[in-house]
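I have placed the structure first, in the form of C-alpha cells, so that the comments after it can refer back to it.
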Amino acid sequence: MKKQTLPKLPYSYQELEPAISARIMKLHHDKHHAGYVKKANAALKQLQTEQPNYKQVLKDLSFNLNGHILHSVFWQNMRAYQQNNAPTPTVKKQLAKSFGSFANFKQSFNKTATSVEGSGWGALLKSPTGELQLMQLENHNKLFLNNFSLVLVVDVWEHAYYLDYENNRGQYLQNWWQVVNWDDVAKRLAD
C-alpha cells in the first residue's frame with residue numbers, strides 16, 4: 001500500500017461558518033486528520049519490518065486508515081455555507097424513493113447520527129445493487145461494509161463540534177445540513 005497523504009480542503013476554513021467554525025476546521029483537518037494519516041503511515045512502515053506485532057499493527061492501521069478514508073469523504077461531502085442548502089432534484093428523488101421523502105431521509109439520518117454511542121459517524125451507504133442504507137460507524141470501524149460505498153458521512157466525534165456546540169450534537173447536525181455538498185452526493189450516488 002502506498003504512503004497516505006493528507007488531502008487539501010476544497011474550501012477555506014472560514015467557508016463553513018456559521019455551521020462549523022474556522023477554529024474547528026483548522027484543528028479537525030490539520031491536527032486530527034493529519035494525525036490519522038501519520039499513524040496510518042507509521043503502521044504501514046511497521047508491517048515492512050522483519051517481526052512486527054501483527055495484531056497491534058493491524059489494529060492501528062485499521063483505526064487510522066479508516067479515519068483517514070472517512071475524513072477524506074467528509075471534507076468532500078461539504079461545501080461553503082448556504083442558508084437554504086437543498087439537494088439537487090435528482091438526489092431528492094433518489095432519497096425519497098429509498099426513504100419515503102427527503103424529510104424522512106433527513107430525520108432518519110439525524111436520528112442515526114445523533115444516537116451514535118460515544119464516538120463515530122453517521123453514514124448513508126450504497127449497496128452493490130444500488131440500495132441506500134443508513135448506518136452508524138462506531139469509531140472508524142468500516143471494515144464490515146463489504147462492497148458498500150460511502151455516499152454521505154458526518155463526523156460525530158466530539159472534536160467535530162464540541163468547541164462550537166458543546167454537548168449539543170443535535171444542533172450541530174441541524175446546522176450541518178447547510179454545508180452538505182449535494183453535488184458530491186449526486187456523484188457518489190451515480191458511481
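Scheme for the C-alpha cells: letters A, B, ... for chains in order shown; per-chain residue numbers from 1; ligand numbers from 1 in order shown.
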- Task: Might you pull out every residue within 10 Å of Asn141 in chain A, with only C-alpha atoms counted and same-chain residues fewer than 5 positions away left off, and present them as a PyMOL selection string?
- Result: chain A and resi 62-64+66-67+70+120-121+136
Write the residues you've just listed into a file as a PDB file, in the first residue's frame, and include N, CA and C atoms for each of them.
ATOM      1  N   SER A  62      -5.916  -0.282  10.848  1.00  0.00           N
ATOM      2  CA  SER A  62      -7.363  -0.242  10.596  1.00  0.00           C
ATOM      3  C   SER A  62      -7.977   1.043  11.133  1.00  0.00           C
ATOM      4  N   PHE A  63      -7.694   1.365  12.380  1.00  0.00           N
ATOM      5  CA  PHE A  63      -8.271   2.551  13.008  1.00  0.00           C
ATOM      6  C   PHE A  63      -7.855   3.827  12.270  1.00  0.00           C
ATOM      7  N   ASN A  64      -6.570   3.973  12.025  1.00  0.00           N
ATOM      8  CA  ASN A  64      -6.063   5.218  11.442  1.00  0.00           C
ATOM      9  C   ASN A  64      -6.341   5.330   9.948  1.00  0.00           C
ATOM     10  N   ASN A  66      -8.860   3.904   8.315  1.00  0.00           N
ATOM     11  CA  ASN A  66     -10.294   4.163   8.184  1.00  0.00           C
ATOM     12  C   ASN A  66     -10.640   5.594   8.592  1.00  0.00           C
ATOM     13  N   GLY A  67      -9.966   6.123   9.614  1.00  0.00           N
ATOM     14  CA  GLY A  67     -10.167   7.523   9.990  1.00  0.00           C
ATOM     15  C   GLY A  67      -9.789   8.448   8.850  1.00  0.00           C
ATOM     16  N   LEU A  70     -12.526   8.038   5.971  1.00  0.00           N
ATOM     17  CA  LEU A  70     -13.796   8.684   6.325  1.00  0.00           C
ATOM     18  C   LEU A  70     -13.666  10.209   6.314  1.00  0.00           C
ATOM     19  N   GLY A 120     -18.036   8.363  16.692  1.00  0.00           N
ATOM     20  CA  GLY A 120     -18.293   7.648  15.448  1.00  0.00           C
ATOM     21  C   GLY A 120     -18.833   8.531  14.354  1.00  0.00           C
ATOM     22  N   TRP A 121     -19.556   7.893  13.456  1.00  0.00           N
ATOM     23  CA  TRP A 121     -20.027   8.530  12.238  1.00  0.00           C
ATOM     24  C   TRP A 121     -21.458   8.114  11.935  1.00  0.00           C
ATOM     25  N   GLN A 136     -24.565   3.435  11.411  1.00  0.00           N
ATOM     26  CA  GLN A 136     -23.642   4.052  12.350  1.00  0.00           C
ATOM     27  C   GLN A 136     -22.302   3.337  12.235  1.00  0.00           C
TER      28      GLN A 136
END
- Message: Could you go through range 46-187 of chain A and tell me which residues DSSP, when run on the backbone, assigns to helix (DSSP H, G or I), listing them as a ChimeraX atom specification?
- Response: /A:46-47,54-76,89-99,102-114,143-145,158-160,162-165,169-179,182-187
- Polymer residues at most 6 Å from Asn181 in chain A, only C-alpha atoms, same-chain spacing of 5 or more positions, as a list in words: Asn77, Met78 and Arg79 of chain A
Selected residues, N, CA and C atoms, written as a PDB file, in the first residue's frame, please.
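Result written to out.pdb:
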ATOM      1  N   ASN A  77     -17.822  15.892   1.161  1.00  0.00           N
ATOM      2  CA  ASN A  77     -19.269  15.939   1.371  1.00  0.00           C
ATOM      3  C   ASN A  77     -19.760  17.308   1.825  1.00  0.00           C
ATOM      4  N   MET A  78     -18.832  18.256   2.024  1.00  0.00           N
ATOM      5  CA  MET A  78     -19.226  19.586   2.472  1.00  0.00           C
ATOM      6  C   MET A  78     -18.750  20.645   1.485  1.00  0.00           C
ATOM      7  N   ARG A  79     -19.415  21.794   1.549  1.00  0.00           N
ATOM      8  CA  ARG A  79     -19.057  22.957   0.727  1.00  0.00           C
ATOM      9  C   ARG A  79     -19.385  24.219   1.517  1.00  0.00           C
TER      10      ARG A  79
END
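You will find CA of Lys8 in chain A at 20.6 Å from CA of Ala42 in chain A.
Relative to CA of Pro7 in chain A, CA of Gln174 in chain A is found at 26.2 Å.
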- Message: Taking only C-alpha atoms into account, name the residue in A:Asn168, A:Thr114, A:Gln107, A:Gln83 that is nearest to Glu17 in chain A.
- Response: A:Gln83
- All residues 12 Å or closer to Ser21 in chain A, only C-alpha atoms, same chain fewer than 4 positions away omitted, as a PyMOL selection string: chain A and resi 12-17+25-28+80-81+159-165+172+175-176+179
- Minimum-distance residue to Lys106 in chain A, chosen among A:Val57, A:Trp177, A:Glu131, A:Lys45 (using only C-alpha atoms): A:Trp177
Need to verify the contact set: His71 in chain A, 9 Å, only C-alpha atoms, exclusion of same-chain residues closer than 4 positions in sequence. Can you return it as a PDB file with C-alpha atoms, in the first residue's frame?
ATOM      1  CA  HIS A  29      -8.194  18.870   9.484  1.00  0.00           C
ATOM      2  CA  HIS A  33      -6.984  14.098  10.280  1.00  0.00           C
ATOM      3  CA  ASN A  66     -10.294   4.163   8.184  1.00  0.00           C
ATOM      4  CA  GLY A  67     -10.167   7.523   9.990  1.00  0.00           C
ATOM      5  CA  TRP A  75     -14.393  17.016   3.546  1.00  0.00           C
ATOM      6  CA  GLN A  76     -15.721  16.358   0.028  1.00  0.00           C
ATOM      7  CA  VAL A 153     -20.898  10.825   6.124  1.00  0.00           C
ATOM      8  CA  VAL A 154     -20.972  13.077   9.144  1.00  0.00           C
ATOM      9  CA  ASP A 155     -18.357  13.005  11.861  1.00  0.00           C
TER      10      ASP A 155
END
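Here the question is which of A:Asn147, A:Ser98, A:Asn110, A:Gln46 gets nearest to Thr129 in chain A using only C-alpha atoms, and that residue is A:Asn147.
Restricting the calculation to only C-alpha atoms, the smallest distance between His140 in chain A and any of A:Val156, A:Ala22, A:Leu6, A:Leu125 is found for A:Val156.
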